[in-house]
Structures are given as C-alpha cells and as structure tokens.
$ cat protein_1.cif   # mmCIF, N, CA and C atoms
data_run
loop_
_atom_site.label_atom_id
_atom_site.label_comp_id
_atom_site.auth_asym_id
_atom_site.auth_seq_id
_atom_site.Cartn_x
_atom_site.Cartn_y
_atom_site.Cartn_z
N MET A 225 -26.59 -30.08 22.50
CA MET A 225 -26.68 -30.75 21.22
C MET A 225 -27.28 -29.78 20.20
N LEU A 226 -26.76 -29.84 18.97
CA LEU A 226 -27.23 -28.95 17.92
C LEU A 226 -28.57 -29.41 17.37
N GLN A 227 -29.37 -28.44 16.99
CA GLN A 227 -30.63 -28.73 16.31
C GLN A 227 -30.29 -29.38 14.96
N PRO A 228 -31.13 -30.30 14.44
CA PRO A 228 -30.83 -30.96 13.17
C PRO A 228 -30.62 -29.99 12.01
N ALA A 229 -31.41 -28.91 11.93
CA ALA A 229 -31.27 -27.96 10.83
C ALA A 229 -29.93 -27.23 10.91
N ILE A 230 -29.52 -26.84 12.11
CA ILE A 230 -28.24 -26.14 12.28
C ILE A 230 -27.09 -27.08 11.97
N ALA A 231 -27.18 -28.31 12.41
CA ALA A 231 -26.13 -29.30 12.14
C ALA A 231 -25.99 -29.51 10.64
N THR A 232 -27.10 -29.55 9.91
CA THR A 232 -27.07 -29.74 8.45
C THR A 232 -26.38 -28.56 7.79
N VAL A 233 -26.70 -27.33 8.19
CA VAL A 233 -26.07 -26.15 7.61
C VAL A 233 -24.58 -26.15 7.91
N LEU A 234 -24.20 -26.45 9.13
CA LEU A 234 -22.78 -26.49 9.48
C LEU A 234 -22.05 -27.55 8.67
N LEU A 235 -22.65 -28.72 8.52
CA LEU A 235 -22.04 -29.80 7.75
C LEU A 235 -21.88 -29.39 6.30
N LEU A 236 -22.90 -28.77 5.70
CA LEU A 236 -22.81 -28.32 4.31
C LEU A 236 -21.71 -27.27 4.14
N ASN A 237 -21.60 -26.37 5.09
CA ASN A 237 -20.58 -25.32 4.99
C ASN A 237 -19.18 -25.88 5.12
N VAL A 238 -18.98 -26.92 5.91
CA VAL A 238 -17.68 -27.55 6.02
C VAL A 238 -17.36 -28.30 4.74
N MET A 239 -18.35 -28.96 4.18
CA MET A 239 -18.13 -29.75 2.97
C MET A 239 -18.01 -28.86 1.73
N ASN A 240 -18.72 -27.73 1.70
CA ASN A 240 -18.71 -26.84 0.54
C ASN A 240 -18.71 -25.40 1.03
N PRO A 241 -17.52 -24.84 1.31
CA PRO A 241 -17.47 -23.48 1.85
C PRO A 241 -17.96 -22.42 0.87
N MET A 242 -18.11 -22.73 -0.41
CA MET A 242 -18.57 -21.76 -1.39
C MET A 242 -20.05 -21.41 -1.22
N LEU A 243 -20.77 -22.19 -0.43
CA LEU A 243 -22.19 -21.91 -0.24
C LEU A 243 -22.43 -20.54 0.37
N LEU A 244 -21.48 -20.01 1.13
CA LEU A 244 -21.66 -18.73 1.79
C LEU A 244 -21.15 -17.56 0.95
N ALA A 245 -20.53 -17.83 -0.19
CA ALA A 245 -20.01 -16.75 -1.02
C ALA A 245 -21.14 -15.89 -1.55
N GLN A 246 -20.88 -14.61 -1.67
CA GLN A 246 -21.88 -13.68 -2.17
C GLN A 246 -21.49 -13.19 -3.54
N ASN A 247 -22.46 -13.11 -4.41
CA ASN A 247 -22.24 -12.55 -5.73
C ASN A 247 -23.43 -11.67 -6.05
N PRO A 248 -23.32 -10.38 -6.14
CA PRO A 248 -22.12 -9.56 -6.17
C PRO A 248 -21.45 -9.50 -4.81
N PRO A 249 -20.29 -8.80 -4.74
CA PRO A 249 -19.56 -8.74 -3.48
C PRO A 249 -20.42 -8.21 -2.34
N ALA A 250 -19.95 -8.44 -1.16
CA ALA A 250 -20.67 -8.01 0.04
C ALA A 250 -20.96 -6.52 0.00
N SER A 251 -22.03 -6.12 0.67
CA SER A 251 -22.40 -4.70 0.67
C SER A 251 -21.37 -3.85 1.40
N THR A 252 -20.44 -4.47 2.11
CA THR A 252 -19.40 -3.72 2.81
C THR A 252 -18.20 -3.41 1.93
N PHE A 253 -18.20 -3.88 0.66
CA PHE A 253 -17.10 -3.61 -0.27
C PHE A 253 -16.93 -2.11 -0.44
N GLN A 254 -15.71 -1.62 -0.31
CA GLN A 254 -15.40 -0.21 -0.46
C GLN A 254 -14.32 -0.05 -1.52
N PRO A 255 -14.63 0.59 -2.66
CA PRO A 255 -13.59 0.78 -3.67
C PRO A 255 -12.53 1.74 -3.16
N GLY A 256 -11.34 1.58 -3.67
CA GLY A 256 -10.25 2.47 -3.28
C GLY A 256 -8.92 1.91 -3.70
N PHE A 257 -7.84 2.63 -3.38
CA PHE A 257 -6.51 2.22 -3.81
C PHE A 257 -6.09 0.88 -3.21
N TRP A 258 -6.74 0.45 -2.15
CA TRP A 258 -6.38 -0.82 -1.52
C TRP A 258 -6.96 -2.02 -2.26
N GLN A 259 -7.77 -1.79 -3.28
CA GLN A 259 -8.31 -2.87 -4.11
C GLN A 259 -7.41 -3.03 -5.34
N PRO A 260 -7.05 -4.25 -5.72
CA PRO A 260 -6.23 -4.42 -6.94
C PRO A 260 -6.96 -3.91 -8.17
N ARG A 261 -6.22 -3.27 -9.06
CA ARG A 261 -6.80 -2.78 -10.32
C ARG A 261 -6.79 -3.87 -11.38
N ALA A 262 -5.87 -4.81 -11.25
CA ALA A 262 -5.77 -5.94 -12.19
C ALA A 262 -4.90 -6.99 -11.52
N ARG A 263 -4.75 -8.14 -12.19
CA ARG A 263 -3.92 -9.22 -11.66
C ARG A 263 -3.09 -9.82 -12.78
N PHE A 264 -1.90 -10.29 -12.41
CA PHE A 264 -1.03 -11.01 -13.33
C PHE A 264 -0.65 -12.32 -12.66
N ASN A 265 0.02 -13.20 -13.41
CA ASN A 265 0.45 -14.49 -12.88
C ASN A 265 1.83 -14.33 -12.25
N PRO A 266 1.94 -14.37 -10.93
CA PRO A 266 3.25 -14.19 -10.30
C PRO A 266 4.17 -15.40 -10.45
N GLY A 267 3.64 -16.51 -10.97
CA GLY A 267 4.44 -17.72 -11.15
C GLY A 267 5.26 -17.73 -12.42
N THR A 268 5.06 -16.75 -13.29
CA THR A 268 5.83 -16.66 -14.53
C THR A 268 6.41 -15.25 -14.62
N PRO A 269 7.47 -15.07 -15.41
CA PRO A 269 8.07 -13.74 -15.53
C PRO A 269 7.05 -12.71 -16.01
N VAL A 270 7.13 -11.53 -15.42
CA VAL A 270 6.20 -10.46 -15.78
C VAL A 270 6.98 -9.36 -16.49
N ARG A 271 6.35 -8.81 -17.53
CA ARG A 271 6.92 -7.67 -18.27
C ARG A 271 6.02 -6.47 -18.07
N LEU A 272 6.62 -5.31 -18.04
CA LEU A 272 5.87 -4.07 -17.89
C LEU A 272 6.14 -3.18 -19.08
N LYS A 273 5.06 -2.69 -19.68
CA LYS A 273 5.16 -1.75 -20.79
C LYS A 273 4.49 -0.45 -20.33
N ILE A 274 5.24 0.66 -20.35
CA ILE A 274 4.74 1.96 -19.94
C ILE A 274 4.52 2.80 -21.20
N LEU A 275 3.27 3.27 -21.39
CA LEU A 275 2.93 4.09 -22.55
C LEU A 275 2.75 5.53 -22.09
N ASN A 276 3.52 6.45 -22.64
CA ASN A 276 3.40 7.87 -22.30
C ASN A 276 2.37 8.50 -23.24
N ARG A 277 1.16 8.70 -22.75
CA ARG A 277 0.07 9.28 -23.53
C ARG A 277 -0.09 10.77 -23.21
N THR A 278 0.99 11.40 -22.75
CA THR A 278 0.95 12.81 -22.42
C THR A 278 1.76 13.59 -23.45
N ASP A 279 1.73 14.91 -23.33
CA ASP A 279 2.57 15.74 -24.19
C ASP A 279 3.81 16.22 -23.43
N SER A 280 4.13 15.55 -22.34
CA SER A 280 5.29 15.88 -21.51
C SER A 280 6.23 14.69 -21.41
N THR A 281 7.50 14.96 -21.20
CA THR A 281 8.45 13.89 -20.93
C THR A 281 8.21 13.38 -19.52
N LEU A 282 8.14 12.08 -19.37
CA LEU A 282 7.98 11.45 -18.07
C LEU A 282 9.28 10.77 -17.68
N GLU A 283 9.48 10.58 -16.40
CA GLU A 283 10.61 9.80 -15.92
C GLU A 283 10.06 8.69 -15.03
N TYR A 284 10.75 7.55 -15.03
CA TYR A 284 10.33 6.44 -14.18
C TYR A 284 11.55 5.77 -13.57
N GLU A 285 11.31 5.13 -12.45
CA GLU A 285 12.37 4.37 -11.78
C GLU A 285 11.73 3.28 -10.93
N LEU A 286 12.50 2.25 -10.63
CA LEU A 286 12.06 1.16 -9.78
C LEU A 286 12.65 1.35 -8.39
N SER A 287 11.86 1.06 -7.38
CA SER A 287 12.33 1.26 -6.01
C SER A 287 13.47 0.32 -5.64
N ALA A 288 13.53 -0.87 -6.21
CA ALA A 288 14.52 -1.86 -5.83
C ALA A 288 15.83 -1.73 -6.60
N GLN A 289 15.87 -0.88 -7.60
CA GLN A 289 17.08 -0.76 -8.41
C GLN A 289 17.72 0.60 -8.20
N LYS A 290 19.01 0.59 -8.13
CA LYS A 290 19.75 1.84 -7.96
C LYS A 290 20.23 2.30 -9.34
N VAL A 291 19.29 2.87 -10.09
CA VAL A 291 19.61 3.39 -11.42
C VAL A 291 19.08 4.81 -11.54
N THR A 292 19.64 5.53 -12.48
CA THR A 292 19.17 6.88 -12.77
C THR A 292 17.77 6.79 -13.35
N PRO A 293 16.87 7.69 -12.97
CA PRO A 293 15.53 7.68 -13.58
C PRO A 293 15.64 7.72 -15.11
N ARG A 294 14.78 6.98 -15.75
CA ARG A 294 14.81 6.87 -17.21
C ARG A 294 13.68 7.70 -17.81
N PRO A 295 13.95 8.43 -18.90
CA PRO A 295 12.90 9.25 -19.52
C PRO A 295 12.07 8.46 -20.52
N ILE A 296 10.83 8.90 -20.68
CA ILE A 296 9.95 8.41 -21.75
C ILE A 296 9.40 9.66 -22.43
N LEU A 297 9.75 9.84 -23.68
CA LEU A 297 9.30 11.02 -24.42
C LEU A 297 7.80 10.94 -24.71
N PRO A 298 7.16 12.08 -24.95
CA PRO A 298 5.73 12.09 -25.25
C PRO A 298 5.40 11.16 -26.42
N GLY A 299 4.36 10.35 -26.25
CA GLY A 299 3.92 9.43 -27.30
C GLY A 299 4.75 8.17 -27.41
N ASN A 300 5.80 8.03 -26.63
CA ASN A 300 6.67 6.85 -26.69
C ASN A 300 6.31 5.84 -25.60
N GLU A 301 7.03 4.73 -25.62
CA GLU A 301 6.83 3.70 -24.60
C GLU A 301 8.18 3.15 -24.16
N SER A 302 8.13 2.49 -23.00
CA SER A 302 9.32 1.83 -22.47
C SER A 302 8.89 0.47 -21.95
N ALA A 303 9.76 -0.52 -22.05
CA ALA A 303 9.43 -1.87 -21.60
C ALA A 303 10.49 -2.36 -20.62
N LEU A 304 10.02 -3.04 -19.59
CA LEU A 304 10.89 -3.64 -18.58
C LEU A 304 10.54 -5.11 -18.47
N GLY A 305 11.54 -5.98 -18.43
CA GLY A 305 11.29 -7.41 -18.32
C GLY A 305 11.89 -8.01 -17.07
N ASN A 306 11.40 -9.20 -16.72
CA ASN A 306 11.90 -9.94 -15.56
C ASN A 306 11.97 -9.08 -14.30
N LEU A 307 10.88 -8.42 -13.99
CA LEU A 307 10.85 -7.56 -12.82
C LEU A 307 10.89 -8.37 -11.53
N PRO A 308 11.67 -7.92 -10.56
CA PRO A 308 11.65 -8.58 -9.26
C PRO A 308 10.35 -8.22 -8.55
N LEU A 309 9.81 -9.16 -7.82
CA LEU A 309 8.56 -8.89 -7.10
C LEU A 309 8.81 -8.83 -5.61
N PRO A 310 8.19 -7.93 -4.92
CA PRO A 310 7.30 -6.89 -5.44
C PRO A 310 8.10 -5.81 -6.14
N ALA A 311 7.45 -5.14 -7.09
CA ALA A 311 8.08 -4.04 -7.82
C ALA A 311 7.23 -2.79 -7.63
N TYR A 312 7.90 -1.72 -7.23
CA TYR A 312 7.25 -0.42 -7.13
C TYR A 312 7.86 0.46 -8.22
N VAL A 313 7.01 0.94 -9.13
CA VAL A 313 7.46 1.77 -10.23
C VAL A 313 6.93 3.18 -10.00
N PHE A 314 7.84 4.13 -9.92
CA PHE A 314 7.48 5.53 -9.72
C PHE A 314 7.57 6.25 -11.06
N ILE A 315 6.50 6.96 -11.43
CA ILE A 315 6.47 7.69 -12.70
C ILE A 315 6.06 9.12 -12.39
N TYR A 316 6.78 10.07 -12.97
CA TYR A 316 6.47 11.46 -12.69
C TYR A 316 6.86 12.32 -13.89
N PRO A 317 6.13 13.44 -14.08
CA PRO A 317 6.47 14.37 -15.16
C PRO A 317 7.59 15.31 -14.72
N ASN A 318 8.25 15.93 -15.68
CA ASN A 318 9.28 16.92 -15.35
C ASN A 318 8.64 18.13 -14.68
N ASP A 319 7.40 18.44 -15.00
CA ASP A 319 6.67 19.54 -14.39
C ASP A 319 5.86 19.00 -13.21
N ALA A 320 6.29 19.31 -11.99
CA ALA A 320 5.67 18.74 -10.79
C ALA A 320 4.25 19.24 -10.55
N THR A 321 3.79 20.23 -11.31
CA THR A 321 2.42 20.73 -11.11
C THR A 321 1.39 19.92 -11.89
N ILE A 322 1.84 18.96 -12.70
CA ILE A 322 0.94 18.15 -13.52
C ILE A 322 0.65 16.83 -12.82
N GLY A 323 -0.63 16.47 -12.72
CA GLY A 323 -1.01 15.18 -12.17
C GLY A 323 -1.12 14.14 -13.28
N LEU A 324 -0.94 12.88 -12.92
CA LEU A 324 -1.02 11.79 -13.89
C LEU A 324 -2.12 10.82 -13.53
N LYS A 325 -2.69 10.19 -14.55
CA LYS A 325 -3.70 9.14 -14.36
C LYS A 325 -3.18 7.87 -15.02
N TYR A 326 -3.18 6.76 -14.25
CA TYR A 326 -2.72 5.47 -14.76
C TYR A 326 -3.92 4.59 -15.11
N THR A 327 -3.80 3.88 -16.21
CA THR A 327 -4.75 2.84 -16.59
C THR A 327 -3.94 1.59 -16.86
N VAL A 328 -4.34 0.46 -16.26
CA VAL A 328 -3.54 -0.75 -16.37
C VAL A 328 -4.35 -1.88 -16.99
N SER A 329 -3.67 -2.72 -17.77
CA SER A 329 -4.27 -3.93 -18.32
C SER A 329 -3.21 -5.02 -18.35
N VAL A 330 -3.67 -6.27 -18.43
CA VAL A 330 -2.75 -7.41 -18.42
C VAL A 330 -3.16 -8.37 -19.53
N THR A 331 -2.18 -8.84 -20.30
CA THR A 331 -2.47 -9.81 -21.36
C THR A 331 -2.25 -11.22 -20.84
N SER A 332 -2.70 -12.19 -21.60
CA SER A 332 -2.58 -13.59 -21.19
C SER A 332 -1.13 -14.06 -21.13
N ASP A 333 -0.22 -13.37 -21.82
CA ASP A 333 1.20 -13.74 -21.76
C ASP A 333 1.96 -12.93 -20.70
N ASN A 334 1.23 -12.40 -19.71
CA ASN A 334 1.80 -11.75 -18.52
C ASN A 334 2.52 -10.44 -18.83
N VAL A 335 1.99 -9.67 -19.79
CA VAL A 335 2.50 -8.34 -20.06
C VAL A 335 1.54 -7.34 -19.42
N VAL A 336 2.07 -6.56 -18.50
CA VAL A 336 1.30 -5.51 -17.84
C VAL A 336 1.53 -4.24 -18.63
N THR A 337 0.45 -3.64 -19.14
CA THR A 337 0.56 -2.39 -19.88
C THR A 337 0.00 -1.27 -19.03
N LEU A 338 0.82 -0.26 -18.81
CA LEU A 338 0.42 0.91 -18.04
C LEU A 338 0.36 2.10 -18.97
N SER A 339 -0.83 2.63 -19.15
CA SER A 339 -1.02 3.82 -19.97
C SER A 339 -1.08 5.03 -19.04
N VAL A 340 -0.26 6.03 -19.32
CA VAL A 340 -0.17 7.22 -18.46
C VAL A 340 -0.72 8.42 -19.21
N GLU A 341 -1.72 9.07 -18.63
CA GLU A 341 -2.34 10.26 -19.21
C GLU A 341 -2.17 11.44 -18.27
N LYS A 342 -2.28 12.64 -18.83
CA LYS A 342 -2.12 13.85 -18.04
C LYS A 342 -3.47 14.31 -17.50
N LEU A 343 -3.46 14.74 -16.23
CA LEU A 343 -4.60 15.41 -15.63
C LEU A 343 -4.34 16.91 -15.68
N GLY A 344 -5.24 17.69 -15.15
CA GLY A 344 -5.05 19.14 -15.14
C GLY A 344 -3.93 19.58 -14.23
N ARG A 345 -3.57 20.84 -14.35
CA ARG A 345 -2.54 21.42 -13.48
C ARG A 345 -3.01 21.43 -12.04
N ASN A 346 -2.06 21.19 -11.15
CA ASN A 346 -2.33 21.19 -9.70
C ASN A 346 -3.44 20.21 -9.31
N THR A 347 -3.58 19.14 -10.09
CA THR A 347 -4.55 18.09 -9.80
C THR A 347 -3.81 16.88 -9.27
N PRO A 348 -4.12 16.44 -8.05
CA PRO A 348 -3.43 15.24 -7.55
C PRO A 348 -3.71 14.05 -8.46
N GLY A 349 -2.72 13.21 -8.63
CA GLY A 349 -2.90 12.06 -9.50
C GLY A 349 -2.15 10.85 -8.98
N ASP A 350 -1.98 9.89 -9.87
CA ASP A 350 -1.28 8.66 -9.54
C ASP A 350 0.23 8.89 -9.61
N THR A 351 0.97 8.17 -8.75
CA THR A 351 2.44 8.32 -8.75
C THR A 351 3.17 6.98 -8.74
N THR A 352 2.48 5.91 -8.29
CA THR A 352 3.18 4.65 -8.08
C THR A 352 2.36 3.47 -8.59
N LEU A 353 3.03 2.55 -9.27
CA LEU A 353 2.44 1.28 -9.67
C LEU A 353 3.11 0.21 -8.83
N ASN A 354 2.32 -0.61 -8.16
CA ASN A 354 2.85 -1.68 -7.31
C ASN A 354 2.46 -3.02 -7.92
N LEU A 355 3.46 -3.78 -8.36
CA LEU A 355 3.25 -5.15 -8.81
C LEU A 355 3.55 -6.03 -7.61
N HIS A 356 2.52 -6.45 -6.93
CA HIS A 356 2.65 -7.19 -5.67
C HIS A 356 3.06 -8.63 -5.93
N ALA A 357 3.73 -9.23 -4.98
CA ALA A 357 4.21 -10.61 -5.11
C ALA A 357 3.09 -11.62 -5.27
N THR A 358 1.86 -11.27 -4.88
CA THR A 358 0.72 -12.17 -5.03
C THR A 358 0.09 -12.11 -6.42
N GLY A 359 0.55 -11.16 -7.25
CA GLY A 359 -0.03 -10.98 -8.58
C GLY A 359 -1.01 -9.82 -8.66
N ALA A 360 -1.30 -9.20 -7.54
CA ALA A 360 -2.21 -8.05 -7.52
C ALA A 360 -1.46 -6.81 -8.00
N ILE A 361 -2.17 -5.94 -8.71
CA ILE A 361 -1.59 -4.68 -9.18
C ILE A 361 -2.33 -3.55 -8.51
N TYR A 362 -1.58 -2.71 -7.81
CA TYR A 362 -2.15 -1.57 -7.09
C TYR A 362 -1.62 -0.28 -7.71
N ILE A 363 -2.44 0.76 -7.66
CA ILE A 363 -2.05 2.09 -8.12
C ILE A 363 -2.25 3.05 -6.97
N TYR A 364 -1.21 3.83 -6.68
CA TYR A 364 -1.29 4.83 -5.61
C TYR A 364 -1.05 6.20 -6.19
#

$ encode --input "protein_1.cif" --output "structure tokens"
Amino acid sequence: MLQPAIATVLLLNVMNPMLLAQNPPASTFQPGFWQPRARFNPGTPVRLKILNRTDSTLEYELSAQKVTPRPILPGNESALGNLPLPAYVFIYPNDATIGLKYTVSVTSDNVVTLSVEKLGRNTPGDTTLNLHATGAIYIY
C-alpha cells in the first residue's frame, strides 16, 4: 500500500501533469541543430521568403521538386508559396569556398523569412532549411 503522501503526489500528477514541468528547461537541455530555431503553423499554408544578404549570387532548390536550381542575386529576395511539408530547401553560393549563415523568423500570417548572410572563406556554414511537418524549423 502506498504511503498517503506518495499517493497524494501521484494523484496530483495524474490530475495535473504540468506540476512536474520545469521552467527554465531541464539542466540536460543541449543546444544544437536538433533543436527547432522557430515554429510555424503546419495547419495553414506556409510561405517562404529567402533574403540574399550577401554580395554573391545564391542558388536554391527544394528536395521534393525536380526543378533547376533558381538564382537569387545579391540583395534580392525570392518567395515560395504553398510548400509541401516536409520541405527541405538547399541554398548555396556559386563559390563553394564561402560559408553561409541562416537567420529565420516567422510572422503571425505563417510567412517564414530566411535571411542568408556570408561567413568567411573556407568557413563551414548552414546549407539546409527544413520546414518539418510538425511546424518545427531546423537549420543544418
């Protein structure tokens, strides 16, 4: 038979599972590419806007579509609508020695904006944006 105090704690946890939640996150939290950078609403159509903040021409393509890579000139942007989920977007410069850094944000009307900046030469950077079917956005 359970002790009365243990039975009370178990009953409270069944009735209100939020009692065990930790804020801030658990000390075992490890930042990294496996953590979402942002979230969108997967229940409504999502749009992607790619901003080229580099001085190089970039090319991008979607993994699920059989299309020729599309260019984005320096300082320009490109927009994609009604993306199938999950969507993997690959972005790369014409010069393979340049690394890229992605910064992502999401508006309330489900527009994902990806700003692409240049890193130094021979510096590993970001290559892929993953719009996951759950609404999580990952950068690899």

$ closest_residue --input "protein_1.cif" --among "A:Val270, A:Leu282, A:Ala288, A:Ala357" --to "Leu309 in chain A" --atoms "only N, CA and C atoms"
A:Ala357

$ closest_residue --input "protein_1.cif" --among "A:Arg345, A:His356, A:Arg261, A:Arg271" --to "Tyr326 in chain A" --atoms "only C-alpha atoms"
A:Arg261

$ resolve_selection --input "protein_1.cif" --expression "the PyMOL selection byres ((chain A and resi 341) around 6.5)" --output "list of chain:residue names"
A:Asn276, A:Arg277, A:Thr278, A:Gly323, A:Leu324, A:Lys325, A:Tyr326, A:Thr327, A:Ser339, A:Val340, A:Lys342, A:Leu343

$ write_last_selection --input "protein_1.cif" --atoms "N, CA and C atoms" --output "PDB file, keeping the file's coordinate frame"
ATOM      1  N   ASN A 276       3.520   6.450 -22.640  1.00  0.00           N
ATOM      2  CA  ASN A 276       3.400   7.870 -22.300  1.00  0.00           C
ATOM      3  C   ASN A 276       2.370   8.500 -23.240  1.00  0.00           C
ATOM      4  N   ARG A 277       1.160   8.700 -22.750  1.00  0.00           N
ATOM      5  CA  ARG A 277       0.070   9.280 -23.530  1.00  0.00           C
ATOM      6  C   ARG A 277      -0.090  10.770 -23.210  1.00  0.00           C
ATOM      7  N   THR A 278       0.990  11.400 -22.750  1.00  0.00           N
ATOM      8  CA  THR A 278       0.950  12.810 -22.420  1.00  0.00           C
ATOM      9  C   THR A 278       1.760  13.590 -23.450  1.00  0.00           C
ATOM     10  N   GLY A 323      -0.630  16.470 -12.720  1.00  0.00           N
ATOM     11  CA  GLY A 323      -1.010  15.180 -12.170  1.00  0.00           C
ATOM     12  C   GLY A 323      -1.120  14.140 -13.280  1.00  0.00           C
ATOM     13  N   LEU A 324      -0.940  12.880 -12.920  1.00  0.00           N
ATOM     14  CA  LEU A 324      -1.020  11.790 -13.890  1.00  0.00           C
ATOM     15  C   LEU A 324      -2.120  10.820 -13.530  1.00  0.00           C
ATOM     16  N   LYS A 325      -2.690  10.190 -14.550  1.00  0.00           N
ATOM     17  CA  LYS A 325      -3.700   9.140 -14.360  1.00  0.00           C
ATOM     18  C   LYS A 325      -3.180   7.870 -15.020  1.00  0.00           C
ATOM     19  N   TYR A 326      -3.180   6.760 -14.250  1.00  0.00           N
ATOM     20  CA  TYR A 326      -2.720   5.470 -14.760  1.00  0.00           C
ATOM     21  C   TYR A 326      -3.920   4.590 -15.110  1.00  0.00           C
ATOM     22  N   THR A 327      -3.800   3.880 -16.210  1.00  0.00           N
ATOM     23  CA  THR A 327      -4.750   2.840 -16.590  1.00  0.00           C
ATOM     24  C   THR A 327      -3.940   1.590 -16.860  1.00  0.00           C
ATOM     25  N   SER A 339      -0.830   2.630 -19.150  1.00  0.00           N
ATOM     26  CA  SER A 339      -1.020   3.820 -19.970  1.00  0.00           C
ATOM     27  C   SER A 339      -1.080   5.030 -19.040  1.00  0.00           C
ATOM     28  N   VAL A 340      -0.260   6.030 -19.320  1.00  0.00           N
ATOM     29  CA  VAL A 340      -0.170   7.220 -18.460  1.00  0.00           C
ATOM     30  C   VAL A 340      -0.720   8.420 -19.210  1.00  0.00           C
ATOM     31  N   LYS A 342      -2.280  12.640 -18.830  1.00  0.00           N
ATOM     32  CA  LYS A 342      -2.120  13.850 -18.040  1.00  0.00           C
ATOM     33  C   LYS A 342      -3.470  14.310 -17.500  1.00  0.00           C
ATOM     34  N   LEU A 343      -3.460  14.740 -16.230  1.00  0.00           N
ATOM     35  CA  LEU A 343      -4.600  15.410 -15.630  1.00  0.00           C
ATOM     36  C   LEU A 343      -4.340  16.910 -15.680  1.00  0.00           C
TER      37      LEU A 343
END

$ closest_atom_pairs --input "protein_1.cif" --of "range 264-289 of chain A" --to "range 329-335 of chain A" --cutoff "8 Å" --atoms "only C-alpha atoms" --output "tab-separated table"
residue	atom	partner	partner_atom	distance
A:Phe264	CA	A:Asn334	CA	6.0
A:Asn265	CA	A:Asn334	CA	6.4
A:Thr268	CA	A:Asn334	CA	7.5
A:Pro269	CA	A:Asn334	CA	7.2
A:Val270	CA	A:Asn334	CA	5.3
A:Arg271	CA	A:Val335	CA	4.8
A:Leu272	CA	A:Val335	CA	5.9
A:Lys273	CA	A:Val335	CA	7.1

$ atom_distance --input "protein_1.cif" --atom1 "CA of Asp279 in chain A" --atom2 "CA of Thr352 in chain A"
19.6 Å

$ residues_near_point --input "protein_1.cif" --point "(13.7, -4.4, -12.2)" --cutoff "6.5 Å" --atoms "only N, CA and C atoms" --output "list in words"
Leu286, Gln289, Gly305, Asn306, Leu307 and Pro308 of chain A

$ atom_distance --input "protein_1.cif" --atom1 "atom C of Arg294 in chain A" --atom2 "atom N of Tyr362 in chain A"
21.0 Å

$ axis_aligned_box --input "protein_1.cif" --around "range 338-353 of chain A" --padding-each-side "3 Å" --output "lines of an AutoDock Vina configuration file"
center_x = -1.0
center_y = 10.6
center_z = -13.8
size_x = 14.4
size_y = 27.7
size_z = 18.4

$ resolve_selection --input "protein_1.cif" --expression "the PyMOL selection byres ((chain A and resi 361) around 7)" --output "PDB file with N, CA and C atoms, keeping the file's coordinate frame"
ATOM      1  N   GLN A 259      -7.770  -1.790  -3.280  1.00  0.00           N
ATOM      2  CA  GLN A 259      -8.310  -2.870  -4.110  1.00  0.00           C
ATOM      3  C   GLN A 259      -7.410  -3.030  -5.340  1.00  0.00           C
ATOM      4  N   PRO A 260      -7.050  -4.250  -5.720  1.00  0.00           N
ATOM      5  CA  PRO A 260      -6.230  -4.420  -6.940  1.00  0.00           C
ATOM      6  C   PRO A 260      -6.960  -3.910  -8.170  1.00  0.00           C
ATOM      7  N   ARG A 261      -6.220  -3.270  -9.060  1.00  0.00           N
ATOM      8  CA  ARG A 261      -6.800  -2.780 -10.320  1.00  0.00           C
ATOM      9  C   ARG A 261      -6.790  -3.870 -11.380  1.00  0.00           C
ATOM     10  N   ALA A 262      -5.870  -4.810 -11.250  1.00  0.00           N
ATOM     11  CA  ALA A 262      -5.770  -5.940 -12.190  1.00  0.00           C
ATOM     12  C   ALA A 262      -4.900  -6.990 -11.520  1.00  0.00           C
ATOM     13  N   ARG A 263      -4.750  -8.140 -12.190  1.00  0.00           N
ATOM     14  CA  ARG A 263      -3.920  -9.220 -11.660  1.00  0.00           C
ATOM     15  C   ARG A 263      -3.090  -9.820 -12.780  1.00  0.00           C
ATOM     16  N   PHE A 264      -1.900 -10.290 -12.410  1.00  0.00           N
ATOM     17  CA  PHE A 264      -1.030 -11.010 -13.330  1.00  0.00           C
ATOM     18  C   PHE A 264      -0.650 -12.320 -12.660  1.00  0.00           C
ATOM     19  N   LEU A 353       3.030   2.550  -9.270  1.00  0.00           N
ATOM     20  CA  LEU A 353       2.440   1.280  -9.670  1.00  0.00           C
ATOM     21  C   LEU A 353       3.110   0.210  -8.830  1.00  0.00           C
ATOM     22  N   ASN A 354       2.320  -0.610  -8.160  1.00  0.00           N
ATOM     23  CA  ASN A 354       2.850  -1.680  -7.310  1.00  0.00           C
ATOM     24  C   ASN A 354       2.460  -3.020  -7.920  1.00  0.00           C
ATOM     25  N   LEU A 355       3.460  -3.780  -8.360  1.00  0.00           N
ATOM     26  CA  LEU A 355       3.250  -5.150  -8.810  1.00  0.00           C
ATOM     27  C   LEU A 355       3.550  -6.030  -7.610  1.00  0.00           C
ATOM     28  N   HIS A 356       2.520  -6.450  -6.930  1.00  0.00           N
ATOM     29  CA  HIS A 356       2.650  -7.190  -5.670  1.00  0.00           C
ATOM     30  C   HIS A 356       3.060  -8.630  -5.930  1.00  0.00           C
ATOM     31  N   THR A 358       1.860 -11.270  -4.880  1.00  0.00           N
ATOM     32  CA  THR A 358       0.720 -12.170  -5.030  1.00  0.00           C
ATOM     33  C   THR A 358       0.090 -12.110  -6.420  1.00  0.00           C
ATOM     34  N   GLY A 359       0.550 -11.160  -7.250  1.00  0.00           N
ATOM     35  CA  GLY A 359      -0.030 -10.980  -8.580  1.00  0.00           C
ATOM     36  C   GLY A 359      -1.010  -9.820  -8.660  1.00  0.00           C
ATOM     37  N   ALA A 360      -1.300  -9.200  -7.540  1.00  0.00           N
ATOM     38  CA  ALA A 360      -2.210  -8.050  -7.520  1.00  0.00           C
ATOM     39  C   ALA A 360      -1.460  -6.810  -8.000  1.00  0.00           C
ATOM     40  N   TYR A 362      -1.580  -2.710  -7.810  1.00  0.00           N
ATOM     41  CA  TYR A 362      -2.150  -1.570  -7.090  1.00  0.00           C
ATOM     42  C   TYR A 362      -1.620  -0.280  -7.710  1.00  0.00           C
ATOM     43  N   ILE A 363      -2.440   0.760  -7.660  1.00  0.00           N
ATOM     44  CA  ILE A 363      -2.050   2.090  -8.120  1.00  0.00           C
ATOM     45  C   ILE A 363      -2.250   3.050  -6.970  1.00  0.00           C
TER      46      ILE A 363
END

$ atom_distance --input "protein_1.cif" --atom1 "CA of Ser280 in chain A" --atom2 "CA of Ile315 in chain A"
12.1 Å

$ select_by_dssp --input "protein_1.cif" --residues "range 317-358 of chain A" --states "strand (DSSP E or B)" --output "list in words"
Pro317, Ile322, Gly323, Leu324, Lys325, Tyr326, Thr327, Val328, Ser329, Val330, Val335, Val336, Thr337, Leu338, Ser339, Val340, Glu341, Lys342, Leu343, Gly344, Arg345, Thr352, Leu353, Asn354 and Leu355 of chain A

$ resolve_selection --input "protein_1.cif" --expression "the PyMOL selection byres ((chain A and resi 300) around 8)" --output "list in words"
Ile274, Leu275, Asn276, Arg277, Thr278, Ile296, Leu297, Pro298, Gly299, Glu301 and Ser302 of chain A
